[in-house]
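Structure data (mmCIF, C-alpha atoms) from protein-v8.cif:
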```cif
data_data
loop_
_atom_site.label_atom_id
_atom_site.label_comp_id
_atom_site.auth_asym_id
_atom_site.auth_seq_id
_atom_site.Cartn_x
_atom_site.Cartn_y
_atom_site.Cartn_z
CA MET A 162 71.76 83.39 135.23
CA LYS A 163 70.68 85.77 132.46
CA ILE A 164 72.86 86.57 129.43
CA VAL A 165 72.16 89.25 126.82
CA VAL A 166 73.92 88.55 123.53
CA ASP A 167 74.23 90.31 120.18
CA ASP A 168 72.05 88.29 117.81
CA LYS A 169 74.57 88.60 114.96
CA ILE A 170 77.23 86.58 116.78
CA PRO A 171 76.95 83.24 114.96
CA TYR A 172 76.97 79.73 116.41
CA ILE A 173 77.13 80.81 120.08
CA GLN A 174 73.53 80.85 121.30
CA GLU A 175 73.12 77.08 121.52
CA LYS A 176 76.10 76.80 123.87
CA LEU A 177 74.99 79.78 125.95
CA ARG A 178 71.60 78.15 126.51
CA LEU A 179 73.42 75.20 128.07
CA LEU A 180 75.03 77.58 130.57
CA ALA A 181 72.33 80.12 131.44
CA ASP A 182 68.73 80.06 132.60
CA GLU A 183 67.82 82.86 130.20
CA VAL A 184 69.50 84.03 126.99
CA ILE A 185 68.19 87.17 125.27
CA ALA A 186 69.46 87.77 121.72
CA LEU A 187 69.10 91.31 120.34
CA PRO A 188 70.54 93.49 117.58
CA GLY A 189 73.72 95.00 119.01
CA ALA A 190 72.82 98.63 118.37
CA GLU A 191 69.44 98.14 120.09
CA ILE A 192 70.69 96.71 123.41
CA SER A 193 69.46 99.20 125.99
CA PRO A 194 69.65 99.79 129.76
CA SER A 195 66.27 98.11 130.23
CA HIS A 196 67.57 94.95 128.53
CA VAL A 197 70.67 94.63 130.71
CA ARG A 198 69.29 95.84 134.06
CA ASP A 199 68.80 92.31 135.43
CA ALA A 200 71.41 90.57 133.26
CA ASP A 201 74.49 88.91 134.73
CA ALA A 202 76.56 88.88 131.53
CA LEU A 203 76.64 90.77 128.27
CA ILE A 204 78.18 89.44 125.03
CA VAL A 205 78.54 92.04 122.30
CA ARG A 206 80.22 93.18 119.10
CA THR A 207 81.47 96.66 118.23
CA ARG A 208 77.98 98.09 117.68
CA THR A 209 77.13 98.05 121.41
CA LEU A 210 78.60 100.88 123.46
CA CYS A 211 79.35 99.46 126.89
CA ASN A 212 79.48 102.53 129.08
CA GLU A 213 77.84 104.16 132.09
CA HIS A 214 74.72 105.05 130.12
CA LEU A 215 74.09 101.39 129.31
CA LEU A 216 75.25 99.79 132.55
CA GLU A 217 74.54 102.13 135.48
CA GLY A 218 72.19 100.45 137.93
CA SER A 219 72.44 97.06 136.24
CA GLN A 220 73.60 93.82 137.84
CA VAL A 221 75.97 93.01 134.95
CA GLN A 222 79.24 91.65 136.30
CA PHE A 223 80.86 90.32 133.10
CA ILE A 224 81.14 91.64 129.53
CA ALA A 225 82.75 89.89 126.59
CA THR A 226 83.16 91.38 123.15
CA ALA A 227 83.53 88.76 120.43
CA THR A 228 85.98 91.03 118.61
CA ILE A 229 89.64 91.99 118.67
CA GLY A 230 88.94 95.70 119.16
CA PHE A 231 87.39 97.18 122.29
CA ASP A 232 86.99 100.88 121.39
CA HIS A 233 83.29 100.44 122.20
CA ILE A 234 84.02 99.48 125.82
CA ASP A 235 84.56 102.19 128.42
CA THR A 236 87.19 100.25 130.33
CA ASP A 237 87.68 103.01 132.93
CA TYR A 238 84.00 102.96 133.83
CA LEU A 239 83.93 99.15 133.98
CA GLN A 240 86.88 99.16 136.35
CA GLN A 241 85.17 101.70 138.61
CA ALA A 242 81.95 99.69 138.51
CA GLY A 243 83.72 96.40 139.25
CA ILE A 244 82.62 94.82 135.98
CA GLN A 245 85.02 92.31 134.46
CA TRP A 246 85.48 92.37 130.71
CA THR A 247 87.37 90.53 128.00
CA ASN A 248 87.98 90.73 124.27
CA CYS A 249 89.23 88.14 121.77
CA PRO A 250 92.71 89.15 120.59
CA GLY A 251 93.80 87.32 117.45
CA CYS A 252 90.48 85.54 116.94
CA ASN A 253 90.07 86.65 113.32
CA SER A 254 93.71 87.20 112.39
CA GLY A 255 93.68 84.30 109.93
CA SER A 256 90.58 85.70 108.25
CA VAL A 257 92.12 89.16 107.81
CA ALA A 258 95.31 87.60 106.45
CA GLN A 259 93.15 85.67 103.96
CA TYR A 260 91.48 88.94 102.90
CA VAL A 261 94.85 90.64 102.37
CA GLU A 262 96.24 87.65 100.46
CA CYS A 263 93.25 87.56 98.12
CA SER A 264 93.44 91.34 97.62
CA LEU A 265 97.13 91.03 96.70
CA LEU A 266 96.30 88.26 94.23
CA LEU A 267 93.63 90.50 92.67
CA LEU A 268 96.16 93.32 92.36
CA GLN A 269 98.33 90.86 90.48
CA GLN A 270 95.51 89.51 88.34
CA LEU A 271 93.59 92.70 87.56
CA LYS A 272 96.17 95.47 88.01
CA GLY A 273 99.21 93.67 86.61
CA VAL A 274 101.24 93.98 89.81
CA ASP A 275 104.28 91.67 89.77
CA LEU A 276 104.25 90.76 93.44
CA GLN A 277 107.72 89.21 93.42
CA SER A 278 109.28 92.48 92.26
CA ASN A 279 107.36 94.65 94.74
CA THR A 280 107.93 95.64 98.37
CA ILE A 281 105.17 95.49 100.96
CA GLY A 282 105.23 97.66 104.06
CA ILE A 283 103.37 96.07 106.98
CA VAL A 284 102.44 98.60 109.66
CA GLY A 285 101.73 96.69 112.86
CA CYS A 286 103.01 93.18 113.50
CA GLY A 287 100.73 91.76 116.16
CA HIS A 288 98.31 88.88 115.71
CA VAL A 289 97.20 90.03 112.24
CA GLY A 290 100.34 91.69 110.95
CA SER A 291 102.47 88.64 111.70
CA LYS A 292 100.12 86.45 109.65
CA VAL A 293 100.11 88.99 106.82
CA LYS A 294 103.90 88.83 106.93
CA ALA A 295 103.70 85.05 106.43
CA VAL A 296 101.35 85.59 103.48
CA ALA A 297 103.76 88.10 101.93
CA GLU A 298 106.64 85.67 102.35
CA ARG A 299 104.63 82.94 100.61
CA LEU A 300 103.83 85.29 97.71
CA GLY A 301 107.47 86.31 97.28
CA LEU A 302 107.19 89.99 98.18
CA ARG A 303 110.06 91.91 99.70
CA ILE A 304 108.89 92.75 103.23
CA LEU A 305 109.33 95.78 105.47
CA VAL A 306 107.73 95.78 108.92
CA CYS A 307 107.16 98.77 111.17
CA ASP A 308 105.74 98.41 114.67
CA PRO A 309 107.16 101.09 117.00
CA PRO A 310 105.76 99.58 120.25
CA LEU A 311 107.50 96.27 119.48
CA ALA A 312 111.28 96.41 119.73
CA CYS A 313 112.74 94.21 117.02
CA ALA A 314 116.02 94.58 115.16
CA ASP A 315 114.36 93.47 111.90
CA PHE A 316 111.75 96.25 111.96
CA VAL A 317 112.13 99.56 110.11
CA SER A 318 110.84 103.09 110.66
CA MET A 319 107.80 104.57 108.98
CA GLU A 320 110.18 106.75 107.00
CA VAL A 321 111.63 103.64 105.35
CA ILE A 322 108.16 102.32 104.53
CA GLU A 323 107.11 105.67 103.10
CA ARG A 324 110.23 105.72 100.96
CA GLU A 325 110.47 102.10 99.77
CA ALA A 326 107.08 100.34 99.90
CA ASP A 327 104.99 99.66 96.79
CA ILE A 328 102.12 98.35 98.94
CA ILE A 329 101.36 99.59 102.48
CA THR A 330 98.97 97.64 104.68
CA PHE A 331 97.80 98.78 108.14
CA HIS A 332 97.23 96.37 111.05
CA VAL A 333 97.24 98.59 114.14
CA PRO A 334 94.73 99.28 116.93
CA LEU A 335 93.09 102.70 117.07
CA THR A 336 94.67 104.98 119.68
CA LYS A 337 94.07 108.72 119.79
CA SER A 338 96.84 109.80 122.15
CA GLY A 339 100.20 108.76 123.51
CA PRO A 340 103.55 108.14 121.82
CA TYR A 341 102.09 105.55 119.43
CA ALA A 342 98.80 107.24 118.48
CA THR A 343 97.35 105.78 115.28
CA TRP A 344 94.38 108.09 114.68
CA HIS A 345 94.94 109.54 111.18
CA MET A 346 98.33 107.83 111.00
CA ALA A 347 97.88 108.08 107.24
CA ASP A 348 97.08 111.77 106.89
CA ALA A 349 97.80 114.39 104.22
CA ALA A 350 101.42 114.73 105.37
CA PHE A 351 101.88 110.96 105.19
CA PHE A 352 100.57 110.80 101.63
CA HIS A 353 102.74 113.76 100.63
CA ARG A 354 105.86 111.92 101.85
CA LEU A 355 105.22 108.75 99.83
CA ALA A 356 107.94 108.16 97.27
CA ARG A 357 106.67 105.21 95.20
CA LYS A 358 102.94 105.85 94.65
CA PRO A 359 101.97 102.72 96.60
CA PHE A 360 98.77 100.77 96.92
CA ILE A 361 97.14 101.32 100.34
CA ILE A 362 95.34 98.54 102.24
CA ASN A 363 93.46 99.21 105.48
CA THR A 364 91.73 96.44 107.43
CA SER A 365 92.42 97.82 110.92
CA ARG A 366 90.19 100.77 111.90
CA GLY A 367 88.71 103.36 109.57
CA GLU A 368 90.13 106.31 111.48
CA VAL A 369 93.71 105.09 111.01
CA VAL A 370 93.45 106.53 107.48
CA ASP A 371 92.21 110.08 106.89
CA GLY A 372 89.59 109.40 104.23
CA ASP A 373 89.64 112.91 102.75
CA ALA A 374 93.44 112.83 102.53
CA LEU A 375 93.37 109.40 100.86
CA LEU A 376 90.83 110.57 98.30
CA SER A 377 93.03 113.57 97.49
CA ALA A 378 96.11 111.32 97.24
CA LEU A 379 94.28 109.03 94.83
CA SER A 380 93.16 112.00 92.73
CA ASP A 381 96.66 113.52 92.74
CA GLY A 382 98.40 110.24 91.86
CA LYS A 383 100.31 110.00 95.15
CA VAL A 384 98.59 106.64 95.70
CA ARG A 385 98.04 104.15 92.87
CA ASP A 386 94.92 102.57 94.34
CA ALA A 387 93.44 101.38 97.61
CA VAL A 388 91.75 98.44 99.30
CA LEU A 389 89.52 99.49 102.21
CA ASP A 390 87.52 97.25 104.49
CA VAL A 391 87.13 99.88 107.23
CA TRP A 392 85.94 103.46 106.93
CA GLU A 393 85.76 106.68 108.85
CA HIS A 394 82.26 107.32 110.19
CA GLU A 395 80.96 103.91 109.11
CA PRO A 396 78.29 102.95 108.31
CA GLN A 397 78.01 106.43 106.76
CA LEU A 398 80.55 106.15 103.95
CA ASP A 399 82.22 108.73 101.77
CA LEU A 400 80.63 107.57 98.53
CA ARG A 401 83.29 109.30 96.44
CA LEU A 402 86.01 107.31 98.17
CA LEU A 403 84.02 104.06 97.95
CA GLN A 404 83.61 104.38 94.20
CA ARG A 405 87.25 105.40 93.73
CA VAL A 406 88.97 102.53 95.53
CA PHE A 407 89.94 99.24 93.86
CA ILE A 408 88.22 97.14 96.53
CA GLY A 409 85.81 98.51 99.14
CA THR A 410 84.05 96.15 101.54
CA PRO A 411 81.72 96.53 104.56
CA HIS A 412 84.11 95.78 107.45
CA ILE A 413 84.08 92.03 106.85
CA ALA A 414 87.77 91.18 106.44
CA GLY A 415 87.66 89.26 109.71
CA TYR A 416 84.32 87.60 108.98
CA SER A 417 85.27 83.99 108.34
CA ALA A 418 83.45 81.13 110.01
CA ASP A 419 86.81 80.11 111.48
CA GLY A 420 87.37 83.54 113.05
CA LYS A 421 83.85 83.70 114.45
CA VAL A 422 84.20 80.25 116.00
CA ASN A 423 87.54 81.25 117.53
CA ALA A 424 85.86 84.26 119.14
CA ASP A 425 82.90 82.20 120.35
CA ASN A 426 85.15 79.69 122.06
CA MET A 427 87.26 82.43 123.65
CA VAL A 428 84.11 84.13 124.97
CA ILE A 429 82.65 80.91 126.38
CA ASP A 430 85.96 80.00 127.98
CA ALA A 431 86.16 83.39 129.72
CA LEU A 432 82.49 83.24 130.72
CA CYS A 433 82.91 79.79 132.29
CA ARG A 434 86.03 80.83 134.16
CA HIS A 435 84.34 83.95 135.56
CA PHE A 436 81.18 82.19 136.73
CA HIS A 437 82.88 78.85 137.56
CA LEU A 438 80.75 76.94 135.07
CA GLN A 439 81.48 73.59 133.47
CA HIS A 440 82.78 74.21 129.96
CA PRO A 441 80.62 72.78 127.14
CA GLU A 442 82.17 71.19 124.08
CA LEU A 443 84.03 73.49 121.69
CA ILE A 444 82.15 74.99 118.76
CA THR A 445 83.45 73.92 115.34
CA PRO A 446 82.98 75.79 112.03
CA PRO A 447 80.67 74.33 109.39
CA SER A 448 82.19 72.28 106.60
CA LEU A 449 82.35 73.46 103.03
CA PRO A 450 79.70 71.99 100.72
CA ASP A 451 80.68 68.59 99.34
CA ASP A 452 80.67 69.95 95.80
CA HIS A 453 82.95 72.92 96.56
CA PRO A 454 85.90 72.74 94.13
CA ASN A 455 89.15 72.13 96.00
CA THR A 456 91.40 73.93 93.54
CA GLY A 457 93.95 75.21 96.02
CA ASN A 458 93.53 78.71 94.55
CA PRO A 459 92.75 81.14 97.42
CA LEU A 460 90.50 83.19 95.12
CA ASP A 461 88.26 80.17 94.54
CA LEU A 462 87.71 79.99 98.28
CA TYR A 463 87.22 83.74 98.73
CA ASN A 464 87.14 86.65 96.27
CA PRO A 465 86.74 90.07 97.97
CA MET A 466 85.80 91.63 94.64
CA ARG A 467 82.33 90.12 94.99
CA ASP A 468 81.85 91.83 98.36
CA SER A 469 83.17 95.07 96.87
CA GLU A 470 80.74 94.97 93.96
CA GLN A 471 77.83 94.45 96.36
CA LEU A 472 78.81 97.40 98.53
CA LYS A 473 79.50 99.73 95.60
CA THR A 474 76.10 98.86 94.15
CA ASN A 475 74.26 99.22 97.46
CA PRO A 476 76.29 101.47 99.80
CA GLN A 477 73.17 102.31 101.79
CA HIS A 478 73.05 98.64 102.84
CA PHE A 479 76.43 98.69 104.62
CA GLU A 480 75.01 97.44 107.91
CA TYR A 481 72.78 94.85 106.25
CA LEU A 482 75.67 93.46 104.18
CA ARG A 483 77.83 93.29 107.30
CA ASN A 484 75.19 91.78 109.56
CA HIS A 485 74.03 89.20 107.01
CA TYR A 486 77.45 88.27 105.67
CA PRO A 487 77.71 84.66 104.39
CA LEU A 488 80.67 83.52 106.48
CA ARG A 489 83.49 82.00 104.45
CA ARG A 490 86.01 79.33 105.37
CA GLU A 491 89.73 80.07 105.54
CA SER A 492 90.92 76.81 104.00
CA PHE A 493 89.64 73.97 101.84
#
```
With the file now loaded, output its structure as structure tokens.
Amino acid sequence: MKIVVDDKIPYIQEKLRLLADEVIALPGAEISPSHVRDADALIVRTRTLCNEHLLEGSQVQFIATATIGFDHIDTDYLQQAGIQWTNCPGCNSGSVAQYVECSLLLLQQLKGVDLQSNTIGIVGCGHVGSKVKAVAERLGLRILVCDPPLACADFVSMEVIEREADIITFHVPLTKSGPYATWHMADAAFFHRLARKPFIINTSRGEVVDGDALLSALSDGKVRDAVLDVWEHEPQLDLRLLQRVFIGTPHIAGYSADGKVNADNMVIDALCRHFHLQHPELITPPSLPDDHPNTGNPLDLYNPMRDSEQLKTNPQHFEYLRNHYPLRRESF
């Protein structure tokens, strides 16, 4: 069996070599039809477009993306071609919740935000949003949750969040059509309706927030500040927006060692089930260095301001910073 794998997926290659006769590791954006023509399985991230152009005429029968999102997978084509595929829902939800928690603590520390007297609006309450809700509860924020596809008596409408939230954080998939479309959910009209000049946090997909509209809202004072880990048109960033936001990072909110290991194990499990292979031992994340201070302060374990300073200093290195990210741990 031959497997082609994105070479930036950490920890997984050793286990794959126990399962396959041949494992080819390549940069995700460079995986081409010639590479996959005689492959049986393909393991990717978001930088590999899995569509007819890549797969037509190949013998690929299984694709796994080691990510929550699957916008890069043409699921209609795969169904027509008889290719099975899987993603890793929830794999990095703890990592994104850690990123949001540390960003909230930095708002408190550097912007003087009294979290316990503020209201957070959580848009989307799936794997990530539910963990962000737990973080907000721990920090003492008043919480509003909006998730139209999920029927829950405790949830509120977007109108309530626009009216009452001091912080709005987005945790929704990107959908461009249908009753719950999220493309440009935060557009110029959204920012115009905001009543409390909130902080905006986006760790979902860049296109959920209209970047031009956010920049205008920041300039006009409709938004107090913003934390962005995802961007429209990335890796080509709007440099004006990058320099204007409080925290701007290169799509790494979900990049903890724990989240990556979760994804690896989910991929290997699905791969073994599809090909009826004996499952190897689970991958475990690396330990923290022995001399790492166990202070209990989340910011001592991870401070997103460091990632922000690197990106703002070297925005042209977006892909390098993302692909060579020093994976953090989620807990001491």
Evaluate the PyMOL selection byres ((chain A and resi 371-377) around 9) and report residues as number ranges by chain: A: 344-350, 352, 361, 367-370, 378-384, 387, 392-393, 399, 401-402, 405-406
Near segment 296-299 of chain A, counting all atoms listed in the file, which residues have an atom at most 10 Å away, once you skip same-chain residues fewer than 3 positions from it, shown as number ranges by chain? A: 258-259, 261-263, 265, 276-277, 280-283, 290-293, 302-304
Please compute the atom CA of Ala190 of chain A-atom CA of Cys249 of chain A distance, one decimal, in Å. 19.8 Å
I'd like the neighbourhood of Cys313 of chain A as a list of chain:residue names, where a residue qualifies if any of its atoms comes within 12 Å (using all atoms listed in the file), though same-chain residues fewer than 6 positions away should be ignored.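 Counting all atoms listed in the file, the residues come to A:Cys286, A:Val306, A:Cys307.
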Could you turn the residues from that selection into a file that holds C-alpha atoms, as an mmCIF file, keeping the file's coordinate frame?
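Dumped to selection.cif:
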```cif
data_model
loop_
_atom_site.group_PDB
_atom_site.id
_atom_site.type_symbol
_atom_site.label_atom_id
_atom_site.label_comp_id
_atom_site.auth_asym_id
_atom_site.auth_seq_id
_atom_site.Cartn_x
_atom_site.Cartn_y
_atom_site.Cartn_z
ATOM 1 C CA CYS A 286 103.010 93.180 113.500
ATOM 2 C CA VAL A 306 107.730 95.780 108.920
ATOM 3 C CA CYS A 307 107.160 98.770 111.170
#
```
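Against the coordinates shown, the PyMOL selection byres ((chain A and resi 274) around 12) returns Ser264, Leu265, Leu266, Leu267, Leu268, Gln269, Gln270, Leu271, Lys272, Gly273, Asp275, Leu276, Gln277, Ser278, Asn279, Thr280, Ile281, Leu302, Asp327, Ile328, Pro359, Phe360, Arg385 and Asp386 of chain A.
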